[in-house]
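The next block is start12.tsv, given as TSV, C-alpha atoms.
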```tsv
chain	number	residue	atom	x	y	z
F	19	MET	CA	12.81	-33.92	0.30
F	20	ASN	CA	14.29	-32.33	-2.83
F	21	MET	CA	16.34	-29.13	-3.00
F	22	GLU	CA	13.36	-26.90	-3.86
F	23	ARG	CA	11.48	-27.99	-0.74
F	24	TRP	CA	14.56	-27.44	1.40
F	25	ILE	CA	14.95	-23.92	0.07
F	26	GLU	CA	11.27	-23.10	0.65
F	27	CYS	CA	11.35	-24.52	4.16
F	28	ALA	CA	14.55	-22.63	4.98
F	29	VAL	CA	13.20	-19.24	3.84
F	30	TRP	CA	10.58	-18.99	6.62
F	31	PRO	CA	12.85	-19.43	9.68
F	32	LEU	CA	15.62	-17.49	7.92
F	33	SER	CA	13.28	-14.54	7.41
F	34	MET	CA	12.21	-14.62	11.05
F	35	ALA	CA	15.84	-14.76	12.15
F	36	LEU	CA	16.76	-11.80	9.91
F	37	LEU	CA	13.87	-9.76	11.30
F	38	VAL	CA	14.89	-10.50	14.87
F	39	TRP	CA	18.55	-9.82	14.13
F	40	LEU	CA	18.32	-6.70	11.99
F	41	VAL	CA	15.26	-4.90	13.34
F	42	PRO	CA	15.83	-3.16	16.68
F	43	ARG	CA	13.24	-3.95	19.34
F	44	HIS	CA	11.94	-0.40	19.53
F	45	ARG	CA	11.23	-0.40	15.77
F	46	ARG	CA	9.26	-3.65	15.57
F	47	ARG	CA	6.02	-1.79	14.86
F	48	GLU	CA	7.57	0.00	11.90
F	49	ALA	CA	8.83	-3.34	10.58
F	50	ALA	CA	5.37	-4.90	11.04
F	51	LEU	CA	3.75	-2.14	9.02
F	52	SER	CA	6.35	-2.55	6.27
F	53	VAL	CA	5.67	-6.29	6.19
F	54	ILE	CA	1.90	-5.94	5.77
F	55	PHE	CA	2.19	-3.17	3.18
F	56	MET	CA	4.64	-5.18	1.12
F	57	GLN	CA	2.33	-8.21	1.37
F	58	PHE	CA	-0.43	-6.04	-0.07
F	59	LEU	CA	1.77	-5.01	-3.03
F	60	ALA	CA	3.31	-8.45	-3.54
F	61	TRP	CA	-0.06	-10.21	-3.50
F	62	ILE	CA	-1.57	-8.16	-6.32
F	63	PHE	CA	1.61	-7.86	-8.44
F	64	GLY	CA	2.39	-11.55	-7.95
F	65	LEU	CA	-1.05	-12.48	-9.24
F	66	ILE	CA	-0.75	-10.13	-12.22
F	67	VAL	CA	2.60	-11.53	-13.40
F	68	VAL	CA	1.40	-15.12	-13.11
F	69	GLU	CA	-1.96	-14.34	-14.73
F	70	LEU	CA	-0.15	-12.73	-17.68
F	71	HIS	CA	2.16	-15.79	-17.97
F	72	LEU	CA	5.28	-13.72	-17.37
F	73	LEU	CA	6.55	-16.02	-14.61
F	74	SER	CA	5.67	-19.43	-13.27
F	75	TYR	CA	6.48	-21.30	-10.08
F	76	PRO	CA	6.46	-25.05	-10.87
F	77	VAL	CA	7.39	-26.06	-7.29
F	78	ARG	CA	5.58	-24.14	-4.58
F	79	ILE	CA	3.58	-24.47	-1.40
F	80	PHE	CA	-0.25	-24.45	-1.58
F	81	THR	CA	-0.19	-25.95	-5.06
F	82	GLU	CA	-3.99	-26.27	-5.16
F	83	ALA	CA	-4.75	-22.78	-3.90
F	84	THR	CA	-2.45	-20.65	-6.00
F	85	ARG	CA	0.10	-20.60	-8.81
F	86	THR	CA	2.05	-17.78	-7.17
F	87	ASN	CA	4.91	-18.28	-4.74
F	88	LEU	CA	3.55	-17.67	-1.27
F	89	THR	CA	6.95	-18.09	0.38
F	90	PHE	CA	8.46	-15.27	-1.64
F	91	GLU	CA	5.45	-12.93	-1.63
F	92	TYR	CA	4.15	-13.52	1.86
F	93	CYS	CA	7.41	-13.95	3.73
F	94	ALA	CA	10.71	-13.23	1.93
F	95	LEU	CA	9.95	-9.97	0.11
F	96	PRO	CA	8.06	-8.39	3.06
F	97	THR	CA	10.98	-9.29	5.33
F	98	VAL	CA	13.46	-7.64	2.97
F	99	SER	CA	11.19	-4.61	2.74
F	100	ALA	CA	10.96	-4.29	6.53
F	101	ILE	CA	14.74	-4.37	6.85
F	102	TYR	CA	15.09	-1.92	3.94
F	103	ASN	CA	12.74	0.60	5.56
F	104	VAL	CA	14.04	0.30	9.10
F	105	ARG	CA	17.71	0.53	8.04
F	106	TYR	CA	17.24	3.19	5.35
F	107	PRO	CA	19.87	5.97	5.71
F	108	ALA	CA	17.32	8.80	5.64
F	109	LYS	CA	19.86	11.32	6.88
F	110	GLY	CA	22.63	10.14	4.56
F	111	ARG	CA	23.97	11.88	1.48
F	112	PHE	CA	22.28	11.36	-1.88
F	113	TRP	CA	24.87	8.90	-3.19
F	114	LEU	CA	24.56	6.79	-0.05
F	115	ARG	CA	20.77	6.64	-0.36
F	116	ALA	CA	21.04	5.85	-4.09
F	117	ALA	CA	23.56	3.08	-3.45
F	118	TYR	CA	21.38	1.68	-0.67
F	119	ALA	CA	18.27	1.76	-2.89
F	120	ALA	CA	20.16	0.03	-5.72
F	121	ALA	CA	21.87	-2.56	-3.52
F	122	PHE	CA	18.70	-4.29	-2.32
F	123	PRO	CA	17.20	-5.15	-5.73
F	124	THR	CA	20.68	-6.06	-6.97
F	125	VAL	CA	21.19	-8.57	-4.16
F	126	LEU	CA	17.66	-9.92	-4.64
F	127	ALA	CA	18.16	-10.30	-8.39
F	128	ALA	CA	21.56	-11.94	-7.80
F	129	ALA	CA	19.94	-14.42	-5.42
F	130	GLU	CA	17.13	-15.07	-7.88
F	131	TRP	CA	19.40	-15.93	-10.81
F	132	PRO	CA	20.65	-19.33	-9.50
F	133	ILE	CA	17.13	-20.13	-8.29
F	134	ALA	CA	15.72	-19.54	-11.76
F	135	THR	CA	18.62	-21.31	-13.47
F	136	TYR	CA	19.23	-24.38	-11.31
F	137	THR	CA	15.91	-25.09	-9.56
F	138	ASP	CA	12.25	-25.53	-10.44
F	139	LEU	CA	11.13	-22.93	-7.95
F	140	LEU	CA	10.95	-20.25	-10.61
F	141	GLU	CA	10.71	-20.19	-14.39
F	142	TYR	CA	10.92	-17.12	-16.58
F	143	GLU	CA	8.35	-17.23	-19.37
F	144	ARG	CA	8.35	-13.66	-20.67
F	145	TRP	CA	10.52	-12.22	-17.94
F	146	ASN	CA	14.21	-11.54	-17.28
F	147	LEU	CA	16.56	-10.45	-14.52
F	148	GLY	CA	16.34	-6.81	-15.56
F	149	MET	CA	12.59	-6.86	-15.03
F	150	THR	CA	13.13	-8.51	-11.64
F	151	TRP	CA	15.51	-5.71	-10.67
F	152	LEU	CA	13.16	-2.98	-11.87
F	153	SER	CA	10.04	-4.45	-10.26
F	154	GLU	CA	11.80	-5.03	-6.94
F	155	PHE	CA	13.29	-1.53	-6.99
F	156	ALA	CA	9.82	-0.11	-7.69
F	157	VAL	CA	7.97	-2.03	-4.95
F	158	LEU	CA	10.68	-1.33	-2.36
F	159	GLN	CA	10.52	2.37	-3.19
F	160	ALA	CA	6.72	2.35	-3.07
F	161	CYS	CA	6.80	0.64	0.31
F	162	TYR	CA	9.36	3.12	1.63
F	163	ARG	CA	7.26	6.08	0.43
F	164	PHE	CA	4.26	4.65	2.27
F	165	TYR	CA	6.38	4.03	5.36
F	166	LYS	CA	7.64	7.64	5.25
F	167	TRP	CA	4.13	9.00	4.91
F	168	PHE	CA	2.84	6.74	7.68
F	169	PHE	CA	5.51	7.52	10.24
F	170	ARG	CA	6.14	11.08	9.00
F	171	VAL	CA	9.82	10.36	8.38
F	172	SER	CA	11.85	13.20	6.90
F	173	ALA	CA	15.55	13.67	6.15
F	174	SER	CA	15.93	15.95	9.16
F	175	SER	CA	14.19	13.58	11.53
F	176	SER	CA	16.15	11.83	14.22
F	177	LYS	CA	15.40	9.37	16.97
F	178	THR	CA	15.00	12.23	19.42
F	179	ALA	CA	12.64	14.14	17.17
F	180	ARG	CA	10.57	11.00	16.62
F	181	ALA	CA	10.43	10.30	20.34
F	182	LYS	CA	9.38	13.90	21.03
F	183	ARG	CA	6.68	13.75	18.37
F	184	MET	CA	5.30	10.50	19.76
F	185	ALA	CA	5.23	11.95	23.26
F	186	VAL	CA	3.36	15.03	21.99
F	187	ASP	CA	0.98	12.81	20.02
F	188	THR	CA	0.09	10.69	23.02
F	189	THR	CA	-0.51	13.67	25.28
F	190	GLY	CA	-2.71	15.18	22.54
F	191	GLN	CA	-0.98	18.56	22.51
F	192	ASN	CA	-0.29	18.87	18.81
F	193	GLY	CA	-3.89	18.88	17.66
F	194	GLY	CA	-2.96	16.27	15.09
F	195	GLU	CA	-4.36	12.97	14.23
F	196	CYS	CA	-5.00	11.74	17.76
F	197	GLN	CA	-7.03	14.76	18.68
F	198	ALA	CA	-9.01	14.68	15.47
F	199	ALA	CA	-9.65	10.98	15.97
F	200	GLY	CA	-10.62	11.55	19.59
F	201	GLU	CA	-13.20	14.15	18.59
F	202	VAL	CA	-14.80	11.83	16.11
F	203	GLY	CA	-14.70	8.97	18.57
F	204	ASP	CA	-16.49	11.05	21.15
F	205	GLY	CA	-19.12	12.11	18.68
N	16	MET	CA	-21.67	-14.11	-14.86
N	17	LEU	CA	-23.16	-10.61	-14.82
N	18	THR	CA	-25.07	-11.36	-11.60
N	19	GLU	CA	-21.84	-12.48	-9.94
N	20	TRP	CA	-19.90	-9.34	-10.84
N	21	LEU	CA	-22.83	-7.10	-9.94
N	22	TRP	CA	-23.05	-8.83	-6.58
N	23	MET	CA	-19.35	-8.47	-5.83
N	24	GLY	CA	-19.03	-4.95	-7.25
N	25	GLY	CA	-22.20	-3.79	-5.52
N	26	SER	CA	-21.03	-5.20	-2.15
N	27	PHE	CA	-17.68	-3.48	-2.50
N	28	LEU	CA	-19.22	-0.14	-3.45
N	29	LEU	CA	-21.69	-0.32	-0.57
N	30	LEU	CA	-18.86	-0.98	1.90
N	31	LEU	CA	-16.79	1.81	0.40
N	32	MET	CA	-19.67	4.26	0.75
N	33	LEU	CA	-20.20	3.23	4.37
N	34	ILE	CA	-16.50	3.69	5.13
N	35	ILE	CA	-16.37	7.11	3.45
N	36	ARG	CA	-19.46	8.14	5.42
N	37	GLN	CA	-17.98	6.92	8.71
N	38	ALA	CA	-14.32	7.74	8.33
N	39	PRO	CA	-12.70	11.06	9.07
N	40	PHE	CA	-9.64	11.96	6.99
N	41	GLY	CA	-7.51	12.21	10.14
N	42	ARG	CA	-7.82	8.48	10.76
N	43	LEU	CA	-6.40	7.42	7.42
N	44	ARG	CA	-3.37	5.73	9.00
N	45	GLU	CA	-5.48	3.71	11.40
N	46	MET	CA	-7.73	2.56	8.55
N	47	TRP	CA	-4.75	1.58	6.40
N	48	THR	CA	-3.32	-0.48	9.25
N	49	VAL	CA	-6.55	-2.40	9.82
N	50	LEU	CA	-7.05	-2.93	6.07
N	51	LEU	CA	-3.53	-4.27	5.55
N	52	THR	CA	-3.65	-6.46	8.65
N	53	MET	CA	-6.91	-8.07	7.59
N	54	GLN	CA	-5.58	-8.61	4.07
N	55	GLY	CA	-2.52	-10.38	5.42
N	56	ILE	CA	-4.63	-12.68	7.59
N	57	LYS	CA	-7.28	-13.39	4.96
N	58	TRP	CA	-4.65	-14.17	2.31
N	59	LEU	CA	-3.35	-17.04	4.40
N	60	VAL	CA	-6.76	-18.19	5.65
N	61	GLY	CA	-8.25	-18.07	2.13
N	62	ALA	CA	-5.35	-20.05	0.70
N	63	LEU	CA	-5.68	-22.68	3.44
N	64	LYS	CA	-9.44	-23.03	2.84
N	65	VAL	CA	-8.88	-23.75	-0.86
N	66	GLU	CA	-5.83	-25.92	-0.27
N	67	PHE	CA	-7.74	-28.22	2.08
N	68	GLY	CA	-10.73	-28.38	-0.26
N	69	LEU	CA	-13.16	-26.67	2.10
N	70	GLU	CA	-14.48	-24.18	-0.44
N	71	ALA	CA	-14.29	-23.55	-4.19
N	72	PHE	CA	-14.75	-20.35	-6.14
N	73	PRO	CA	-15.76	-21.12	-9.73
N	74	VAL	CA	-16.11	-17.46	-10.75
N	75	ARG	CA	-13.22	-15.34	-9.51
N	76	LEU	CA	-10.67	-12.68	-10.34
N	77	PHE	CA	-7.30	-13.91	-11.67
N	78	PRO	CA	-8.76	-17.33	-12.59
N	79	TYR	CA	-5.42	-18.72	-13.82
N	80	ALA	CA	-3.19	-17.37	-11.06
N	81	THR	CA	-5.26	-18.36	-8.04
N	82	HIS	CA	-8.16	-20.53	-6.92
N	83	GLN	CA	-8.97	-18.44	-3.87
N	84	ASP	CA	-11.56	-15.67	-3.78
N	85	PHE	CA	-9.32	-12.67	-4.36
N	86	ALA	CA	-12.12	-10.07	-4.33
N	87	THR	CA	-13.42	-11.13	-0.91
N	88	ASP	CA	-10.03	-11.67	0.70
N	89	PHE	CA	-8.37	-8.59	-0.79
N	90	ALA	CA	-11.21	-6.06	-0.65
N	91	ILE	CA	-14.49	-7.12	0.98
N	92	CYS	CA	-13.21	-8.57	4.26
N	93	PRO	CA	-10.58	-5.84	4.83
N	94	CYS	CA	-13.26	-3.18	4.19
N	95	ILE	CA	-15.54	-4.90	6.74
N	96	ALA	CA	-12.64	-4.85	9.21
N	97	VAL	CA	-12.09	-1.12	8.62
N	98	LEU	CA	-15.78	-0.42	9.21
N	99	TYR	CA	-15.69	-2.53	12.36
N	100	ALA	CA	-12.56	-0.75	13.63
N	101	LEU	CA	-14.15	2.65	13.06
N	102	LEU	CA	-17.21	1.66	15.05
N	103	VAL	CA	-15.53	-0.06	18.01
N	104	ARG	CA	-12.67	2.36	18.60
N	105	GLY	CA	-12.44	3.27	22.25
N	106	ARG	CA	-15.25	0.90	23.25
N	107	THR	CA	-15.16	-1.73	25.97
N	108	MET	CA	-14.32	-5.34	25.17
N	109	ARG	CA	-17.94	-6.45	25.67
N	110	VAL	CA	-19.25	-3.93	23.15
N	111	ARG	CA	-16.47	-4.88	20.77
N	112	LEU	CA	-17.46	-8.53	20.92
N	113	LEU	CA	-21.12	-7.66	20.44
N	114	HIS	CA	-20.24	-5.62	17.35
N	115	ALA	CA	-18.04	-8.47	16.11
N	116	ALA	CA	-20.99	-10.88	16.47
N	117	CYS	CA	-23.23	-8.52	14.48
N	118	PHE	CA	-20.61	-8.07	11.76
N	119	ALA	CA	-19.95	-11.83	11.64
N	120	ALA	CA	-23.69	-12.54	11.33
N	121	ALA	CA	-24.02	-10.00	8.50
N	122	TYR	CA	-20.99	-11.51	6.74
N	123	ALA	CA	-22.31	-15.06	7.15
N	124	LEU	CA	-25.67	-14.00	5.70
N	125	TRP	CA	-23.91	-12.28	2.79
N	126	SER	CA	-21.80	-15.38	2.20
N	127	TRP	CA	-24.84	-17.70	2.41
N	128	THR	CA	-26.75	-15.55	-0.10
N	129	MET	CA	-23.74	-15.64	-2.41
N	130	THR	CA	-23.56	-19.42	-2.17
N	131	ARG	CA	-27.30	-19.84	-2.68
N	132	TRP	CA	-27.89	-17.45	-5.58
N	133	THR	CA	-24.56	-17.11	-7.40
N	134	THR	CA	-21.72	-19.33	-8.61
N	135	LEU	CA	-19.09	-17.20	-6.87
N	136	GLN	CA	-18.68	-19.66	-4.04
N	137	VAL	CA	-19.36	-23.35	-3.44
N	138	HIS	CA	-19.21	-24.88	0.03
N	139	LEU	CA	-17.49	-28.25	-0.18
N	140	ARG	CA	-16.74	-29.03	3.47
N	141	TRP	CA	-17.74	-25.65	4.81
N	142	SER	CA	-20.84	-23.82	6.02
N	143	SER	CA	-21.96	-20.29	6.74
N	144	TRP	CA	-21.66	-21.07	10.45
N	145	PHE	CA	-17.91	-21.52	9.97
N	146	ASP	CA	-17.85	-18.16	8.19
N	147	PHE	CA	-19.60	-16.65	11.19
N	148	ALA	CA	-17.11	-18.16	13.64
N	149	LEU	CA	-14.12	-17.21	11.50
N	150	VAL	CA	-15.11	-13.57	11.12
N	151	LEU	CA	-16.04	-13.40	14.80
N	152	VAL	CA	-12.44	-14.30	15.64
N	153	LEU	CA	-10.66	-12.45	12.83
N	154	LEU	CA	-12.25	-9.02	13.28
N	155	PRO	CA	-11.11	-8.43	16.89
N	156	LEU	CA	-7.78	-10.08	16.07
N	157	ALA	CA	-7.11	-7.75	13.12
N	158	VAL	CA	-8.07	-4.68	15.15
N	159	ARG	CA	-5.89	-5.85	18.05
N	160	ILE	CA	-2.86	-6.28	15.78
N	161	ALA	CA	-3.51	-2.89	14.16
N	162	GLU	CA	-3.70	-1.27	17.60
N	163	TRP	CA	-0.35	-2.80	18.44
N	164	ILE	CA	1.19	-1.39	15.26
N	165	VAL	CA	-0.25	2.11	15.82
N	166	PRO	CA	-0.54	2.38	19.60
N	167	GLU	CA	-1.71	6.02	19.72
N	168	THR	CA	-5.03	5.03	18.10
N	169	ARG	CA	-5.85	2.88	21.12
N	170	GLN	CA	-4.56	5.45	23.60
N	171	ALA	CA	-6.62	8.25	22.04
N	172	GLY	CA	-9.72	6.10	22.24
N	173	SER	CA	-9.12	4.69	25.70
N	174	ALA	CA	-8.73	8.18	27.16
N	175	GLU	CA	-12.48	8.47	27.02
N	176	THR	CA	-13.72	4.92	26.82
N	177	ARG	CA	-17.29	4.71	25.71
N	178	PRO	CA	-19.65	2.06	27.08
```

Please express what this file holds, its structure, as structure tokens.
Amino acid sequence: MNMERWIECAVWPLSMALLVWLVPRHRRREAALSVIFMQFLAWIFGLIVVELHLLSYPVRIFTEATRTNLTFEYCALPTVSAIYNVRYPAKGRFWLRAAYAAAFPTVLAAAEWPIATYTDLLEYERWNLGMTWLSEFAVLQACYRFYKWFFRVSASSSKTARAKRMAVDTTGQNGGECQAAGEVGDG
Amino acid sequence: MLTEWLWMGGSFLLLLMLIIRQAPFGRLREMWTVLLTMQGIKWLVGALKVEFGLEAFPVRLFPYATHQDFATDFAICPCIAVLYALLVRGRTMRVRLLHAACFAAAYALWSWTMTRWTTLQVHLRWSSWFDFALVLVLLPLAVRIAEWIVPETRQAGSAETRP
């Protein structure tokens, strides 16, 4: 097995291990939602960049089914996004949040450079590292915005506040989504 | 080609109208979860079907980038799952399975019609019965996973379980 295959095979268990290691047990659901939302974004954007001949993936899994890189779009990027969302310093100062938001695409772009240069896993056609950084920054931000909307995360929120809100939600006292849904369900 | 796009576009619009008619705004999160879960599953299943030469899709979106049926896997099936989730919420397992069978039958008929009258899909080592079985399994699975991700949706429904 050549180096490209080794890398692709290693990404899947490595992603699982990172999820288990870096996502606390009580936040697995939040991580799961981040994973599926990022898959949604990665699927469509991955197809667009390949369709427009911006990038190509000469060595990949499912060579007959697709020209996109399923390992990166289905597994690696969603895993990174889940960790990004779960570990985001929502209560931190602006500079901390900015540094955090910049660090993830920087690390991803730094990891991508040797892959594009020394392996056949990725080839830039009309693409460059700057575009990688920008696109990854954009999709991570989009995923975090969705995550915030979904779980109603705000800068003032804390674990206690979230726990209280969930307790109120489940007992149906806040007249929010559960109650509205319950009314429709009964109808 | 026009027939193919009218078929696909018309199916999507019909599903969208049904969802809008059925769905209350307050259940947007639940619908998103089911939609995304089904997309994630169908992406993998669709890729496997093409990879193993079970089906081919001569007319498709993103013809260079993929050989799988992006429109069905990305939009049609997830919309069907959302509609199914809206109808079975808070129901017993037996009713859920009955609904799943009806949805799977409707999907299989839709898929058969598509294969028979359009060039969107060609069955190589596949049949509409497999479509029926696949959707019968995937619909309850997607809803189950979505209920795990957003547990309050199940709790709100199970408080007053309907027959």

Checklist line | Closest of F:Leu140, F:Val29, F:Ala100, F:Val38 to Phe55 in chain F - atom-to-atom distances counting all atoms listed in the file | finding: F:Ala100

Item checked: Phe147 in chain N surroundings by only C-alpha atoms, 9 Å radius, close-in-sequence under 4 positions cut, as a PyMOL selection string -> chain N and resi 116+118-124+142-143+151-152

Could you produce a table of the residues of chain N lying within 7 Å of chain F, with the nearest pair of atoms per residue and their separation in Å rounded to one decimal, using all atoms listed in the file, ordered by chain and increasing residue number, as JSON lines?
```
{"residue": "N:Gly41", "atom": "CA", "partner": "F:Glu195", "partner_atom": "CA", "distance": 5.2}
{"residue": "N:Arg42", "atom": "CA", "partner": "F:Ala199", "partner_atom": "CA", "distance": 6.1}
{"residue": "N:Arg44", "atom": "CA", "partner": "F:Phe168", "partner_atom": "CA", "distance": 6.4}
{"residue": "N:Leu51", "atom": "CA", "partner": "F:Ile54", "partner_atom": "CA", "distance": 5.7}
{"residue": "N:Thr52", "atom": "CA", "partner": "F:Ile54", "partner_atom": "CA", "distance": 6.3}
{"residue": "N:Gly55", "atom": "CA", "partner": "F:Ile54", "partner_atom": "CA", "distance": 6.3}
{"residue": "N:Ala62", "atom": "CA", "partner": "F:Ala83", "partner_atom": "CA", "distance": 5.4}
{"residue": "N:Val65", "atom": "CA", "partner": "F:Ala83", "partner_atom": "CA", "distance": 5.2}
{"residue": "N:Glu66", "atom": "CA", "partner": "F:Ala83", "partner_atom": "CA", "distance": 4.9}
{"residue": "N:Phe77", "atom": "CA", "partner": "F:Glu69", "partner_atom": "CA", "distance": 6.2}
{"residue": "N:Tyr79", "atom": "CA", "partner": "F:Glu69", "partner_atom": "CA", "distance": 5.7}
{"residue": "N:Ala80", "atom": "CA", "partner": "F:Glu69", "partner_atom": "CA", "distance": 4.9}
{"residue": "N:Thr81", "atom": "CA", "partner": "F:Thr84", "partner_atom": "CA", "distance": 4.2}
{"residue": "N:His82", "atom": "CA", "partner": "F:Ala83", "partner_atom": "CA", "distance": 5.1}
{"residue": "N:Gln83", "atom": "CA", "partner": "F:Ala83", "partner_atom": "CA", "distance": 6.1}
{"residue": "N:Arg104", "atom": "CA", "partner": "F:Gly203", "partner_atom": "CA", "distance": 6.9}
{"residue": "N:Ile164", "atom": "CA", "partner": "F:Arg47", "partner_atom": "CA", "distance": 4.9}
{"residue": "N:Glu167", "atom": "CA", "partner": "F:Thr188", "partner_atom": "CA", "distance": 6.0}
{"residue": "N:Thr168", "atom": "CA", "partner": "F:Cys196", "partner_atom": "CA", "distance": 6.7}
{"residue": "N:Ala171", "atom": "CA", "partner": "F:Gly200", "partner_atom": "CA", "distance": 5.7}
{"residue": "N:Gly172", "atom": "CA", "partner": "F:Gly200", "partner_atom": "CA", "distance": 6.1}
```

Selection to disk with C-alpha atoms, as a PDB file, in the frame of the given file:
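Dumped everything to again.pdb:
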```
ATOM      1  CA  GLY N  41      -7.510  12.210  10.140  1.00  0.00           C
ATOM      2  CA  ARG N  42      -7.820   8.480  10.760  1.00  0.00           C
ATOM      3  CA  ARG N  44      -3.370   5.730   9.000  1.00  0.00           C
ATOM      4  CA  LEU N  51      -3.530  -4.270   5.550  1.00  0.00           C
ATOM      5  CA  THR N  52      -3.650  -6.460   8.650  1.00  0.00           C
ATOM      6  CA  GLY N  55      -2.520 -10.380   5.420  1.00  0.00           C
ATOM      7  CA  ALA N  62      -5.350 -20.050   0.700  1.00  0.00           C
ATOM      8  CA  VAL N  65      -8.880 -23.750  -0.860  1.00  0.00           C
ATOM      9  CA  GLU N  66      -5.830 -25.920  -0.270  1.00  0.00           C
ATOM     10  CA  PHE N  77      -7.300 -13.910 -11.670  1.00  0.00           C
ATOM     11  CA  TYR N  79      -5.420 -18.720 -13.820  1.00  0.00           C
ATOM     12  CA  ALA N  80      -3.190 -17.370 -11.060  1.00  0.00           C
ATOM     13  CA  THR N  81      -5.260 -18.360  -8.040  1.00  0.00           C
ATOM     14  CA  HIS N  82      -8.160 -20.530  -6.920  1.00  0.00           C
ATOM     15  CA  GLN N  83      -8.970 -18.440  -3.870  1.00  0.00           C
ATOM     16  CA  ARG N 104     -12.670   2.360  18.600  1.00  0.00           C
ATOM     17  CA  ILE N 164       1.190  -1.390  15.260  1.00  0.00           C
ATOM     18  CA  GLU N 167      -1.710   6.020  19.720  1.00  0.00           C
ATOM     19  CA  THR N 168      -5.030   5.030  18.100  1.00  0.00           C
ATOM     20  CA  ALA N 171      -6.620   8.250  22.040  1.00  0.00           C
ATOM     21  CA  GLY N 172      -9.720   6.100  22.240  1.00  0.00           C
TER      22      GLY N 172
END
```

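From CA of Pro96 in chain F back to CA of Leu37 in chain F, the distance works out to 10.2 Å.
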
Margin query: Could you check the closest approach to Leu28 in chain N for each of N:Leu50, N:Ala90, N:Leu63, N:Leu156 and tell me which residue wins, using all atoms listed in the file?
Written below: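 Under the stated criterion, the closest residue is N:Ala90.
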
Next item on the list: Could you please determine the separation between CA of Phe40 in chain N and CA of Pro155 in chain N in Å, to one decimal place?
Entry: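 Interatomic distance here is 22.7 Å.
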
Next item on the list: Show which residues sit within 10 Å of Ile25 in chain F, as number ranges by chain. Count all atoms listed in the file, and ignore same-chain residues fewer than 4 positions away.
Entry: F: 20-21, 29-30, 89, 133, 137, 139

Quick one: what's the axis-aligned box for range 56-73 of chain N, all listed atoms, 5 Å on every side, centre and edges in Å to one decimal, as JSON?
```
{"center_x": -9.6, "center_y": -20.5, "center_z": -1.1, "size_x": 22.4, "size_y": 25.7, "size_z": 27.3}
```

Item checked: One-decimal distance in Å that lies between CA of Lys57 in chain N and CA of Cys93 in chain F ->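 A separation of 14.8 Å between them.
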
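Distances to Arg105 in chain F were evaluated for F:Arg163, F:Arg170, F:Arg45, F:Arg23 using only C-alpha atoms, and the minimum falls at F:Arg45.
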
Check: If we count only C-alpha atoms, what is near Leu30 in chain N at a cut-off of 9 Å, once residues fewer than 3 positions away on the same chain are taken out, given as a PyMOL selection string?
Finding: chain N and resi 25-27+33-35+91+94-95+98

Next item on the list: Would you kindly return, as a list in words, each protein, DNA or RNA residue with an atom no farther than 8 Å from any atom of Tyr118 in chain F, considering all atoms listed in the file and excluding same-chain residues fewer than 3 positions away?
Entry: Tyr106, Pro107, Leu114, Arg115, Ala121 and Phe122 of chain F

Could the residues in this selection be saved with C-alpha atoms as a PDB file, keeping the file's coordinate frame?
```
ATOM      1  CA  TYR F 106      17.240   3.190   5.350  1.00  0.00           C
ATOM      2  CA  PRO F 107      19.870   5.970   5.710  1.00  0.00           C
ATOM      3  CA  LEU F 114      24.560   6.790  -0.050  1.00  0.00           C
ATOM      4  CA  ARG F 115      20.770   6.640  -0.360  1.00  0.00           C
ATOM      5  CA  ALA F 121      21.870  -2.560  -3.520  1.00  0.00           C
ATOM      6  CA  PHE F 122      18.700  -4.290  -2.320  1.00  0.00           C
TER       7      PHE F 122
END
```

Notebook entry, point to check: Which one is closest to Gly68 in chain N: N:Val110, N:Ala100, N:Ala157, N:Leu139? Count only C-alpha atoms.
Noted result: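 Checking each of N:Val110, N:Ala100, N:Ala157, N:Leu139 against Gly68 in chain N, counting only C-alpha atoms, the winner is N:Leu139.
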